[in-house]
$ cat structure_14.txt   # compact mmCIF, N, CA, C and O atoms
# COMPACT_ATOMS: atom_id res chain seq x y z
N MET P 1 83.28 90.81 99.34
CA MET P 1 84.60 91.33 99.70
C MET P 1 84.54 91.95 101.09
O MET P 1 83.60 92.66 101.42
N ILE P 2 85.54 91.67 101.88
CA ILE P 2 85.62 92.22 103.23
C ILE P 2 85.96 93.69 103.13
O ILE P 2 86.79 94.10 102.34
N GLY P 3 85.32 94.51 103.97
CA GLY P 3 85.57 95.94 103.97
C GLY P 3 86.95 96.28 104.51
O GLY P 3 87.72 95.41 104.89
N THR P 4 87.23 97.54 104.57
CA THR P 4 88.52 98.01 105.04
C THR P 4 88.61 97.87 106.54
O THR P 4 87.70 98.24 107.27
N PHE P 5 89.71 97.35 107.01
CA PHE P 5 90.04 97.23 108.43
C PHE P 5 90.89 98.43 108.77
O PHE P 5 91.82 98.77 108.04
N ASN P 6 90.61 99.11 109.87
CA ASN P 6 91.39 100.27 110.28
C ASN P 6 91.87 100.11 111.71
O ASN P 6 91.12 99.63 112.56
N ARG P 7 93.12 100.51 111.95
CA ARG P 7 93.67 100.45 113.30
C ARG P 7 94.83 101.42 113.40
O ARG P 7 95.80 101.33 112.67
N ASP P 8 94.71 102.37 114.33
CA ASP P 8 95.82 103.25 114.70
C ASP P 8 96.61 103.82 113.52
O ASP P 8 97.83 103.72 113.46
N GLY P 9 95.93 104.41 112.56
CA GLY P 9 96.62 105.04 111.44
C GLY P 9 96.99 104.11 110.31
O GLY P 9 97.76 104.47 109.43
N TYR P 10 96.46 102.90 110.33
CA TYR P 10 96.69 101.92 109.28
C TYR P 10 95.36 101.42 108.77
O TYR P 10 94.39 101.33 109.51
N SER P 11 95.32 101.09 107.50
CA SER P 11 94.13 100.45 106.94
C SER P 11 94.59 99.19 106.21
O SER P 11 95.75 99.06 105.83
N VAL P 12 93.68 98.24 106.06
CA VAL P 12 93.98 96.99 105.37
C VAL P 12 92.91 96.74 104.33
O VAL P 12 91.72 96.87 104.62
N LYS P 13 93.35 96.40 103.13
CA LYS P 13 92.42 96.06 102.05
C LYS P 13 92.94 94.83 101.34
O LYS P 13 94.15 94.61 101.25
N LYS P 14 92.02 94.07 100.79
CA LYS P 14 92.41 92.89 100.02
C LYS P 14 92.95 93.33 98.66
O LYS P 14 92.37 94.19 98.01
N VAL P 15 94.06 92.72 98.25
CA VAL P 15 94.63 92.94 96.93
C VAL P 15 94.01 91.93 95.97
O VAL P 15 93.63 92.25 94.86
N ASN P 16 93.92 90.67 96.44
CA ASN P 16 93.26 89.59 95.70
C ASN P 16 92.82 88.54 96.71
O ASN P 16 92.87 88.81 97.92
N ASP P 17 92.42 87.37 96.26
CA ASP P 17 91.89 86.39 97.21
C ASP P 17 92.95 85.76 98.10
O ASP P 17 92.61 85.05 99.05
N ALA P 18 94.23 86.01 97.86
CA ALA P 18 95.29 85.45 98.69
C ALA P 18 96.10 86.51 99.44
O ALA P 18 96.75 86.21 100.43
N VAL P 19 96.05 87.75 98.98
CA VAL P 19 96.93 88.80 99.49
C VAL P 19 96.12 89.97 100.03
O VAL P 19 95.15 90.39 99.41
N TYR P 20 96.58 90.49 101.18
CA TYR P 20 96.00 91.73 101.70
C TYR P 20 97.12 92.71 101.98
O TYR P 20 98.28 92.33 102.15
N GLU P 21 96.76 93.98 101.98
CA GLU P 21 97.75 95.05 102.06
C GLU P 21 97.47 95.93 103.27
O GLU P 21 96.36 96.42 103.45
N ALA P 22 98.49 96.12 104.10
CA ALA P 22 98.42 97.06 105.21
C ALA P 22 99.03 98.37 104.73
O ALA P 22 100.14 98.39 104.20
N VAL P 23 98.28 99.44 104.89
CA VAL P 23 98.68 100.75 104.37
C VAL P 23 98.84 101.72 105.53
O VAL P 23 97.93 101.88 106.35
N ALA P 24 100.00 102.37 105.60
CA ALA P 24 100.25 103.38 106.64
C ALA P 24 99.69 104.72 106.18
O ALA P 24 99.93 105.14 105.05
N GLU P 25 98.96 105.36 107.06
CA GLU P 25 98.41 106.68 106.74
C GLU P 25 99.46 107.77 106.90
O GLU P 25 99.45 108.73 106.17
N GLU P 26 100.37 107.61 107.87
CA GLU P 26 101.41 108.62 108.09
C GLU P 26 102.69 107.92 108.49
O GLU P 26 103.28 107.23 107.68
N GLU P 27 103.12 108.08 109.74
CA GLU P 27 104.34 107.43 110.22
C GLU P 27 104.12 105.93 110.28
O GLU P 27 103.00 105.47 110.44
N PHE P 28 105.22 105.16 110.18
CA PHE P 28 105.06 103.72 110.18
C PHE P 28 106.27 103.02 110.79
O PHE P 28 107.35 103.60 110.88
N SER P 29 106.06 101.78 111.20
CA SER P 29 107.14 100.93 111.68
C SER P 29 106.80 99.49 111.32
O SER P 29 105.63 99.14 111.12
N GLY P 30 107.81 98.66 111.23
CA GLY P 30 107.58 97.25 110.96
C GLY P 30 106.72 96.60 112.03
O GLY P 30 105.84 95.79 111.74
N GLU P 31 106.98 96.97 113.27
CA GLU P 31 106.21 96.42 114.38
C GLU P 31 104.72 96.72 114.22
O GLU P 31 103.88 95.85 114.41
N ALA P 32 104.40 97.94 113.83
CA ALA P 32 103.00 98.31 113.63
C ALA P 32 102.39 97.56 112.45
O ALA P 32 101.23 97.15 112.50
N PHE P 33 103.17 97.35 111.38
CA PHE P 33 102.65 96.58 110.24
C PHE P 33 102.33 95.15 110.67
O PHE P 33 101.30 94.59 110.29
N TRP P 34 103.22 94.52 111.46
CA TRP P 34 102.93 93.17 111.94
C TRP P 34 101.68 93.15 112.80
O TRP P 34 100.84 92.26 112.69
N CYS P 35 101.54 94.15 113.67
CA CYS P 35 100.35 94.26 114.53
C CYS P 35 99.08 94.28 113.68
O CYS P 35 98.14 93.52 113.92
N VAL P 36 99.05 95.13 112.69
CA VAL P 36 97.88 95.28 111.84
C VAL P 36 97.64 94.02 111.02
O VAL P 36 96.50 93.55 110.89
N ALA P 37 98.70 93.43 110.47
CA ALA P 37 98.57 92.21 109.66
C ALA P 37 98.01 91.06 110.49
O ALA P 37 97.13 90.32 110.04
N GLY P 38 98.51 90.90 111.69
CA GLY P 38 98.01 89.85 112.58
C GLY P 38 96.59 90.09 113.04
O GLY P 38 95.77 89.17 113.10
N SER P 39 96.27 91.33 113.36
CA SER P 39 94.91 91.68 113.80
C SER P 39 93.90 91.43 112.69
O SER P 39 92.84 90.84 112.92
N TYR P 40 94.22 91.85 111.49
CA TYR P 40 93.32 91.65 110.35
C TYR P 40 93.12 90.15 110.10
O TYR P 40 92.00 89.69 109.87
N ALA P 41 94.22 89.40 110.15
CA ALA P 41 94.14 87.95 109.90
C ALA P 41 93.21 87.28 110.91
O ALA P 41 92.37 86.44 110.53
N GLN P 42 93.33 87.64 112.17
CA GLN P 42 92.51 86.98 113.18
C GLN P 42 91.08 87.52 113.22
O GLN P 42 90.14 86.75 113.28
N ILE P 43 90.92 88.81 113.15
CA ILE P 43 89.59 89.41 113.30
C ILE P 43 88.76 89.27 112.02
O ILE P 43 87.63 88.79 112.07
N ASP P 44 89.29 89.68 110.90
CA ASP P 44 88.50 89.68 109.66
C ASP P 44 88.57 88.36 108.90
O ASP P 44 87.58 87.93 108.32
N LEU P 45 89.75 87.73 108.89
CA LEU P 45 89.89 86.49 108.14
C LEU P 45 89.65 85.25 108.99
O LEU P 45 89.69 84.14 108.48
N LYS P 46 89.44 85.46 110.30
CA LYS P 46 89.14 84.37 111.24
C LYS P 46 90.26 83.33 111.30
O LYS P 46 90.01 82.14 111.50
N ALA P 47 91.49 83.76 111.14
CA ALA P 47 92.64 82.86 111.21
C ALA P 47 92.88 82.45 112.66
O ALA P 47 92.66 83.23 113.59
N SER P 48 93.37 81.27 112.83
CA SER P 48 93.75 80.76 114.15
C SER P 48 94.94 81.57 114.68
O SER P 48 95.76 82.05 113.89
N PRO P 49 95.06 81.70 116.00
CA PRO P 49 96.22 82.41 116.56
C PRO P 49 97.55 81.76 116.16
O PRO P 49 98.57 82.43 116.12
N ASN P 50 97.53 80.46 115.84
CA ASN P 50 98.75 79.76 115.45
C ASN P 50 99.03 79.81 113.95
O ASN P 50 100.10 79.39 113.51
N ALA P 51 98.09 80.32 113.17
CA ALA P 51 98.30 80.44 111.72
C ALA P 51 99.47 81.38 111.48
O ALA P 51 99.76 82.26 112.28
N LYS P 52 100.15 81.20 110.37
CA LYS P 52 101.30 82.04 110.03
C LYS P 52 100.90 83.14 109.05
O LYS P 52 100.14 82.90 108.11
N VAL P 53 101.42 84.33 109.29
CA VAL P 53 101.26 85.48 108.40
C VAL P 53 102.60 85.65 107.69
O VAL P 53 103.65 85.68 108.34
N TYR P 54 102.57 85.77 106.35
CA TYR P 54 103.78 85.88 105.54
C TYR P 54 103.83 87.21 104.82
O TYR P 54 102.81 87.70 104.35
N VAL P 55 105.04 87.77 104.69
CA VAL P 55 105.23 88.99 103.90
C VAL P 55 105.29 88.59 102.43
O VAL P 55 106.08 87.73 102.05
N VAL P 56 104.43 89.22 101.63
CA VAL P 56 104.41 89.00 100.18
C VAL P 56 105.25 90.05 99.47
O VAL P 56 105.98 89.77 98.53
N ARG P 57 105.11 91.29 99.92
CA ARG P 57 105.88 92.40 99.35
C ARG P 57 106.23 93.35 100.48
O ARG P 57 105.37 93.71 101.29
N CYS P 58 107.51 93.73 100.55
CA CYS P 58 107.94 94.63 101.62
C CYS P 58 107.56 96.07 101.27
O CYS P 58 106.83 96.30 100.31
N PHE P 59 108.03 97.01 102.04
CA PHE P 59 107.65 98.42 101.89
C PHE P 59 107.63 98.88 100.44
O PHE P 59 108.58 98.67 99.70
N GLY P 60 106.52 99.50 100.04
CA GLY P 60 106.38 100.02 98.70
C GLY P 60 105.07 100.75 98.56
O GLY P 60 104.29 100.85 99.51
N PRO P 61 104.79 101.27 97.38
CA PRO P 61 103.54 102.00 97.17
C PRO P 61 102.33 101.06 97.26
O PRO P 61 102.42 99.89 96.87
N SER P 62 101.25 101.58 97.74
CA SER P 62 100.02 100.80 97.86
C SER P 62 99.42 100.51 96.49
O SER P 62 99.43 101.36 95.61
N GLU P 63 98.88 99.31 96.35
CA GLU P 63 98.15 98.95 95.13
C GLU P 63 96.66 99.26 95.26
O GLU P 63 95.95 99.28 94.27
N THR P 64 96.19 99.49 96.50
CA THR P 64 94.76 99.67 96.72
C THR P 64 94.39 101.10 97.09
O THR P 64 93.20 101.42 97.17
N THR P 65 95.39 101.95 97.34
CA THR P 65 95.14 103.35 97.69
C THR P 65 96.19 104.22 97.01
O THR P 65 97.06 103.71 96.30
N ASP P 66 96.15 105.50 97.28
CA ASP P 66 97.17 106.41 96.72
C ASP P 66 98.31 106.65 97.70
O ASP P 66 99.13 107.54 97.49
N ARG P 67 98.40 105.85 98.75
CA ARG P 67 99.45 106.02 99.76
C ARG P 67 100.78 105.46 99.26
O ARG P 67 100.82 104.55 98.45
N ARG P 68 101.87 106.02 99.80
CA ARG P 68 103.20 105.62 99.37
C ARG P 68 103.77 104.43 100.14
O ARG P 68 104.70 103.79 99.67
N THR P 69 103.24 104.13 101.32
CA THR P 69 103.85 103.09 102.14
C THR P 69 102.85 102.01 102.50
O THR P 69 101.89 102.26 103.23
N ALA P 70 103.11 100.81 102.00
CA ALA P 70 102.26 99.66 102.27
C ALA P 70 103.13 98.41 102.29
O ALA P 70 104.23 98.38 101.73
N VAL P 71 102.63 97.38 102.97
CA VAL P 71 103.27 96.07 102.99
C VAL P 71 102.18 95.05 102.71
O VAL P 71 101.06 95.17 103.22
N GLN P 72 102.48 94.05 101.89
CA GLN P 72 101.48 93.04 101.55
C GLN P 72 101.78 91.74 102.28
O GLN P 72 102.93 91.34 102.43
N PHE P 73 100.69 91.09 102.73
CA PHE P 73 100.77 89.88 103.53
C PHE P 73 99.84 88.81 102.98
O PHE P 73 98.91 89.10 102.23
N THR P 74 100.06 87.57 103.42
CA THR P 74 99.18 86.46 103.07
C THR P 74 99.17 85.43 104.19
O THR P 74 100.12 85.37 104.99
N LEU P 75 98.14 84.62 104.22
CA LEU P 75 98.08 83.45 105.09
C LEU P 75 98.42 82.20 104.30
O LEU P 75 98.60 81.14 104.88
N ASP P 76 98.47 82.31 102.97
CA ASP P 76 98.70 81.17 102.09
C ASP P 76 99.87 81.47 101.15
O ASP P 76 99.67 81.95 100.03
N PRO P 77 101.10 81.20 101.60
CA PRO P 77 102.26 81.58 100.78
C PRO P 77 102.29 80.88 99.42
O PRO P 77 102.72 81.48 98.44
N GLN P 78 101.84 79.66 99.36
CA GLN P 78 101.85 78.94 98.08
C GLN P 78 100.94 79.63 97.08
O GLN P 78 101.32 79.88 95.94
N LYS P 79 99.73 79.96 97.50
CA LYS P 79 98.77 80.62 96.62
C LYS P 79 99.26 82.02 96.21
O LYS P 79 99.00 82.47 95.10
N ALA P 80 99.99 82.68 97.12
CA ALA P 80 100.50 84.02 96.84
C ALA P 80 101.83 83.99 96.08
O ALA P 80 102.35 85.03 95.70
N GLY P 81 102.39 82.80 95.89
CA GLY P 81 103.65 82.68 95.16
C GLY P 81 104.87 83.10 95.95
O GLY P 81 105.83 83.61 95.40
N VAL P 82 104.82 82.88 97.27
CA VAL P 82 105.91 83.29 98.15
C VAL P 82 106.58 82.06 98.76
O VAL P 82 105.90 81.15 99.21
N THR P 83 107.89 82.07 98.79
CA THR P 83 108.64 81.01 99.45
C THR P 83 108.97 81.46 100.87
O THR P 83 109.62 82.51 101.04
N PRO P 84 108.51 80.73 101.88
CA PRO P 84 108.82 81.12 103.26
C PRO P 84 110.33 81.18 103.49
O PRO P 84 111.08 80.36 102.96
N SER P 85 110.76 82.18 104.24
CA SER P 85 112.18 82.35 104.54
C SER P 85 112.45 82.02 106.00
O SER P 85 111.53 81.81 106.78
N GLU P 86 113.72 82.01 106.33
CA GLU P 86 114.11 81.78 107.72
C GLU P 86 113.71 82.97 108.59
O GLU P 86 113.55 82.83 109.79
N GLY P 87 113.59 84.12 107.98
CA GLY P 87 113.21 85.31 108.73
C GLY P 87 114.39 85.98 109.39
O GLY P 87 115.54 85.62 109.18
N THR P 88 114.08 86.96 110.21
CA THR P 88 115.09 87.76 110.89
C THR P 88 114.54 88.14 112.25
O THR P 88 113.34 88.07 112.48
N ASP P 89 115.41 88.57 113.12
CA ASP P 89 114.97 89.03 114.44
C ASP P 89 114.55 90.49 114.40
O ASP P 89 114.03 91.02 115.38
N ASP P 90 114.77 91.16 113.28
CA ASP P 90 114.44 92.58 113.14
C ASP P 90 113.03 92.72 112.58
O ASP P 90 112.81 92.54 111.38
N VAL P 91 112.05 93.04 113.44
CA VAL P 91 110.66 93.15 113.00
C VAL P 91 110.44 94.30 112.04
O VAL P 91 109.41 94.35 111.37
N ASN P 92 111.39 95.21 111.94
CA ASN P 92 111.24 96.34 111.03
C ASN P 92 111.74 96.05 109.63
O ASN P 92 111.55 96.86 108.73
N GLU P 93 112.36 94.89 109.41
CA GLU P 93 112.92 94.58 108.10
C GLU P 93 111.84 94.19 107.09
O GLU P 93 111.87 94.60 105.95
N LEU P 94 110.90 93.33 107.46
CA LEU P 94 109.79 92.90 106.60
C LEU P 94 110.26 92.41 105.23
O LEU P 94 109.93 92.96 104.20
N SER P 95 111.05 91.34 105.24
CA SER P 95 111.54 90.73 104.01
C SER P 95 110.51 89.77 103.43
O SER P 95 109.76 89.13 104.16
N ILE P 96 110.50 89.64 102.11
CA ILE P 96 109.58 88.72 101.44
C ILE P 96 109.81 87.30 101.98
O ILE P 96 110.94 86.85 102.09
N GLY P 97 108.72 86.64 102.34
CA GLY P 97 108.77 85.28 102.87
C GLY P 97 108.90 85.21 104.37
O GLY P 97 108.68 84.16 104.98
N GLU P 98 109.26 86.33 105.00
CA GLU P 98 109.33 86.37 106.46
C GLU P 98 107.94 86.10 107.02
O GLU P 98 106.93 86.49 106.44
N HIS P 99 107.88 85.46 108.15
CA HIS P 99 106.57 85.09 108.71
C HIS P 99 106.62 85.01 110.22
O HIS P 99 107.69 84.91 110.83
N MET P 100 105.44 85.08 110.81
CA MET P 100 105.28 84.84 112.24
C MET P 100 103.84 84.43 112.49
O MET P 100 102.96 84.66 111.66
N ALA P 101 103.63 83.80 113.62
CA ALA P 101 102.28 83.37 113.99
C ALA P 101 101.40 84.59 114.21
O ALA P 101 101.87 85.66 114.62
N VAL P 102 100.12 84.44 113.94
CA VAL P 102 99.16 85.53 114.09
C VAL P 102 99.22 86.11 115.51
O VAL P 102 99.26 87.33 115.68
N ASP P 103 99.24 85.25 116.53
CA ASP P 103 99.27 85.78 117.90
C ASP P 103 100.56 86.51 118.21
O ASP P 103 100.56 87.49 118.95
N VAL P 104 101.67 86.09 117.62
CA VAL P 104 102.94 86.80 117.82
C VAL P 104 102.88 88.15 117.11
O VAL P 104 103.30 89.17 117.66
N ALA P 105 102.34 88.17 115.90
CA ALA P 105 102.18 89.44 115.17
C ALA P 105 101.31 90.40 115.97
O ALA P 105 101.65 91.58 116.12
N ARG P 106 100.22 89.89 116.52
CA ARG P 106 99.33 90.74 117.32
C ARG P 106 99.97 91.23 118.60
O ARG P 106 99.61 92.29 119.13
N SER P 107 100.94 90.48 119.11
CA SER P 107 101.62 90.91 120.36
C SER P 107 102.37 92.22 120.14
O SER P 107 102.65 92.94 121.10
N HIS P 108 102.68 92.56 118.89
CA HIS P 108 103.36 93.83 118.60
C HIS P 108 102.42 95.02 118.76
O HIS P 108 102.88 96.16 118.76
N CYS P 109 101.15 94.78 118.93
CA CYS P 109 100.19 95.86 119.17
C CYS P 109 100.35 96.43 120.57
O CYS P 109 99.96 97.56 120.84
N GLU P 110 100.90 95.63 121.46
CA GLU P 110 100.99 96.02 122.87
C GLU P 110 102.25 96.77 123.20
O GLU P 110 102.50 97.11 124.34
N ARG P 111 103.08 97.04 122.23
CA ARG P 111 104.37 97.71 122.51
C ARG P 111 104.29 99.19 122.32
O ARG P 111 103.48 99.74 121.73
$ encode --input "structure_14.txt" --output "structure tokens"
Amino acid sequence: MIGTFNRDGYSVKKVNDAVYEAVAEEEFSGEAFWCVAGSYAQIDLKASPNAKVYVVRCFGPSETTDRRTAVQFTLDPQKAGVTPSEGTDDVNELSIGEHMAVDVARSHCER
């Protein structure tokens, strides 16, 4: 099992073999969740920059920690049981099925 990934007040842990969870330690934003999800996918999961990251579960309590705010992501929507959506232009919405390329998600780290 891959260890915990940490970045700027966020940690990431695997929920199962298809889903990982980004957990906010304090304040949070959708942009920061995308940043962390994309960084974890590329750095720890070795995903291609063009691979897509999908939202499995939007804001809610963490399944892997005692924190109140977490978002779950996957690189394999079929395995995670998620239907990809058209998405939205609002990066803070984080709707189930919303997705973006790993490199686009990581670009939110620079804002």
$ atom_distance --input "structure_14.txt" --atom1 "atom O of P:Gly60" --atom2 "atom C of P:Tyr40"
18.7 Å
$ closest_residue --input "structure_14.txt" --among "P:Tyr20, P:Asp89, P:Thr65, P:Gly9" --to "P:Pro77" --atoms "only C-alpha atoms"
P:Tyr20
$ atom_distance --input "structure_14.txt" --atom1 "atom C of P:Glu63" --atom2 "atom O of P:Lys14"
7.2 Å
$ residues_around --input "structure_14.txt" --residues "P:Cys58" --least-positions-apart "2" --cutoff "6 Å" --atoms "only N, CA, C and O atoms" --output "number ranges by chain"
P: 55-56, 60, 70-72, 93-96
$ write_last_selection --input "structure_14.txt" --atoms "N, CA, C and O atoms" --output "PDB file, keeping the file's coordinate frame"
ATOM      1  N   VAL P  55     105.040  87.770 104.690  1.00  0.00           N
ATOM      2  CA  VAL P  55     105.230  88.990 103.900  1.00  0.00           C
ATOM      3  C   VAL P  55     105.290  88.590 102.430  1.00  0.00           C
ATOM      4  O   VAL P  55     106.080  87.730 102.050  1.00  0.00           O
ATOM      5  N   VAL P  56     104.430  89.220 101.630  1.00  0.00           N
ATOM      6  CA  VAL P  56     104.410  89.000 100.180  1.00  0.00           C
ATOM      7  C   VAL P  56     105.250  90.050  99.470  1.00  0.00           C
ATOM      8  O   VAL P  56     105.980  89.770  98.530  1.00  0.00           O
ATOM      9  N   GLY P  60     106.520  99.500 100.040  1.00  0.00           N
ATOM     10  CA  GLY P  60     106.380 100.020  98.700  1.00  0.00           C
ATOM     11  C   GLY P  60     105.070 100.750  98.560  1.00  0.00           C
ATOM     12  O   GLY P  60     104.290 100.850  99.510  1.00  0.00           O
ATOM     13  N   ALA P  70     103.110 100.810 102.000  1.00  0.00           N
ATOM     14  CA  ALA P  70     102.260  99.660 102.270  1.00  0.00           C
ATOM     15  C   ALA P  70     103.130  98.410 102.290  1.00  0.00           C
ATOM     16  O   ALA P  70     104.230  98.380 101.730  1.00  0.00           O
ATOM     17  N   VAL P  71     102.630  97.380 102.970  1.00  0.00           N
ATOM     18  CA  VAL P  71     103.270  96.070 102.990  1.00  0.00           C
ATOM     19  C   VAL P  71     102.180  95.050 102.710  1.00  0.00           C
ATOM     20  O   VAL P  71     101.060  95.170 103.220  1.00  0.00           O
ATOM     21  N   GLN P  72     102.480  94.050 101.890  1.00  0.00           N
ATOM     22  CA  GLN P  72     101.480  93.040 101.550  1.00  0.00           C
ATOM     23  C   GLN P  72     101.780  91.740 102.280  1.00  0.00           C
ATOM     24  O   GLN P  72     102.930  91.340 102.430  1.00  0.00           O
ATOM     25  N   GLU P  93     112.360  94.890 109.410  1.00  0.00           N
ATOM     26  CA  GLU P  93     112.920  94.580 108.100  1.00  0.00           C
ATOM     27  C   GLU P  93     111.840  94.190 107.090  1.00  0.00           C
ATOM     28  O   GLU P  93     111.870  94.600 105.950  1.00  0.00           O
ATOM     29  N   LEU P  94     110.900  93.330 107.460  1.00  0.00           N
ATOM     30  CA  LEU P  94     109.790  92.900 106.600  1.00  0.00           C
ATOM     31  C   LEU P  94     110.260  92.410 105.230  1.00  0.00           C
ATOM     32  O   LEU P  94     109.930  92.960 104.200  1.00  0.00           O
ATOM     33  N   SER P  95     111.050  91.340 105.240  1.00  0.00           N
ATOM     34  CA  SER P  95     111.540  90.730 104.010  1.00  0.00           C
ATOM     35  C   SER P  95     110.510  89.770 103.430  1.00  0.00           C
ATOM     36  O   SER P  95     109.760  89.130 104.160  1.00  0.00           O
ATOM     37  N   ILE P  96     110.500  89.640 102.110  1.00  0.00           N
ATOM     38  CA  ILE P  96     109.580  88.720 101.440  1.00  0.00           C
ATOM     39  C   ILE P  96     109.810  87.300 101.980  1.00  0.00           C
ATOM     40  O   ILE P  96     110.940  86.850 102.090  1.00  0.00           O
TER      41      ILE P  96
END
$ select_by_dssp --input "structure_14.txt" --residues "chain P" --states "helix (DSSP H, G or I)" --output "number ranges by chain"
P: 30-43, 77-80, 102-110
$ residues_around --input "structure_14.txt" --residues "P:Thr69" --least-positions-apart "4" --cutoff "12 Å" --atoms "only C-alpha atoms" --output "tab-separated table (two decimals) with N, CA, C and O atoms, in the frame of the given file"
chain	number	residue	atom	x	y	z
P	9	GLY	N	95.93	104.41	112.56
P	9	GLY	CA	96.62	105.04	111.44
P	9	GLY	C	96.99	104.11	110.31
P	9	GLY	O	97.76	104.47	109.43
P	10	TYR	N	96.46	102.90	110.33
P	10	TYR	CA	96.69	101.92	109.28
P	10	TYR	C	95.36	101.42	108.77
P	10	TYR	O	94.39	101.33	109.51
P	11	SER	N	95.32	101.09	107.50
P	11	SER	CA	94.13	100.45	106.94
P	11	SER	C	94.59	99.19	106.21
P	11	SER	O	95.75	99.06	105.83
P	21	GLU	N	96.76	93.98	101.98
P	21	GLU	CA	97.75	95.05	102.06
P	21	GLU	C	97.47	95.93	103.27
P	21	GLU	O	96.36	96.42	103.45
P	22	ALA	N	98.49	96.12	104.10
P	22	ALA	CA	98.42	97.06	105.21
P	22	ALA	C	99.03	98.37	104.73
P	22	ALA	O	100.14	98.39	104.20
P	23	VAL	N	98.28	99.44	104.89
P	23	VAL	CA	98.68	100.75	104.37
P	23	VAL	C	98.84	101.72	105.53
P	23	VAL	O	97.93	101.88	106.35
P	24	ALA	N	100.00	102.37	105.60
P	24	ALA	CA	100.25	103.38	106.64
P	24	ALA	C	99.69	104.72	106.18
P	24	ALA	O	99.93	105.14	105.05
P	25	GLU	N	98.96	105.36	107.06
P	25	GLU	CA	98.41	106.68	106.74
P	25	GLU	C	99.46	107.77	106.90
P	25	GLU	O	99.45	108.73	106.17
P	26	GLU	N	100.37	107.61	107.87
P	26	GLU	CA	101.41	108.62	108.09
P	26	GLU	C	102.69	107.92	108.49
P	26	GLU	O	103.28	107.23	107.68
P	27	GLU	N	103.12	108.08	109.74
P	27	GLU	CA	104.34	107.43	110.22
P	27	GLU	C	104.12	105.93	110.28
P	27	GLU	O	103.00	105.47	110.44
P	28	PHE	N	105.22	105.16	110.18
P	28	PHE	CA	105.06	103.72	110.18
P	28	PHE	C	106.27	103.02	110.79
P	28	PHE	O	107.35	103.60	110.88
P	29	SER	N	106.06	101.78	111.20
P	29	SER	CA	107.14	100.93	111.68
P	29	SER	C	106.80	99.49	111.32
P	29	SER	O	105.63	99.14	111.12
P	30	GLY	N	107.81	98.66	111.23
P	30	GLY	CA	107.58	97.25	110.96
P	30	GLY	C	106.72	96.60	112.03
P	30	GLY	O	105.84	95.79	111.74
P	33	PHE	N	103.17	97.35	111.38
P	33	PHE	CA	102.65	96.58	110.24
P	33	PHE	C	102.33	95.15	110.67
P	33	PHE	O	101.30	94.59	110.29
P	57	ARG	N	105.11	91.29	99.92
P	57	ARG	CA	105.88	92.40	99.35
P	57	ARG	C	106.23	93.35	100.48
P	57	ARG	O	105.37	93.71	101.29
P	58	CYS	N	107.51	93.73	100.55
P	58	CYS	CA	107.94	94.63	101.62
P	58	CYS	C	107.56	96.07	101.27
P	58	CYS	O	106.83	96.30	100.31
P	59	PHE	N	108.03	97.01	102.04
P	59	PHE	CA	107.65	98.42	101.89
P	59	PHE	C	107.63	98.88	100.44
P	59	PHE	O	108.58	98.67	99.70
P	60	GLY	N	106.52	99.50	100.04
P	60	GLY	CA	106.38	100.02	98.70
P	60	GLY	C	105.07	100.75	98.56
P	60	GLY	O	104.29	100.85	99.51
P	61	PRO	N	104.79	101.27	97.38
P	61	PRO	CA	103.54	102.00	97.17
P	61	PRO	C	102.33	101.06	97.26
P	61	PRO	O	102.42	99.89	96.87
P	62	SER	N	101.25	101.58	97.74
P	62	SER	CA	100.02	100.80	97.86
P	62	SER	C	99.42	100.51	96.49
P	62	SER	O	99.43	101.36	95.61
P	63	GLU	N	98.88	99.31	96.35
P	63	GLU	CA	98.15	98.95	95.13
P	63	GLU	C	96.66	99.26	95.26
P	63	GLU	O	95.95	99.28	94.27
P	64	THR	N	96.19	99.49	96.50
P	64	THR	CA	94.76	99.67	96.72
P	64	THR	C	94.39	101.10	97.09
P	64	THR	O	93.20	101.42	97.17
P	65	THR	N	95.39	101.95	97.34
P	65	THR	CA	95.14	103.35	97.69
P	65	THR	C	96.19	104.22	97.01
P	65	THR	O	97.06	103.71	96.30
$ closest_residue --input "structure_14.txt" --among "P:Val102, P:Asp90, P:Ala32, P:Asp66" --to "P:Leu45" --atoms "only C-alpha atoms"
P:Val102
$ atom_distance --input "structure_14.txt" --atom1 "atom CA of P:Gly38" --atom2 "atom CA of P:Val12"
10.9 Å
$ closest_residue --input "structure_14.txt" --among "P:Ser39, P:Asn92, P:Ala101, P:Val19" --to "P:Asp76" --atoms "all atoms listed in the file"
P:Val19
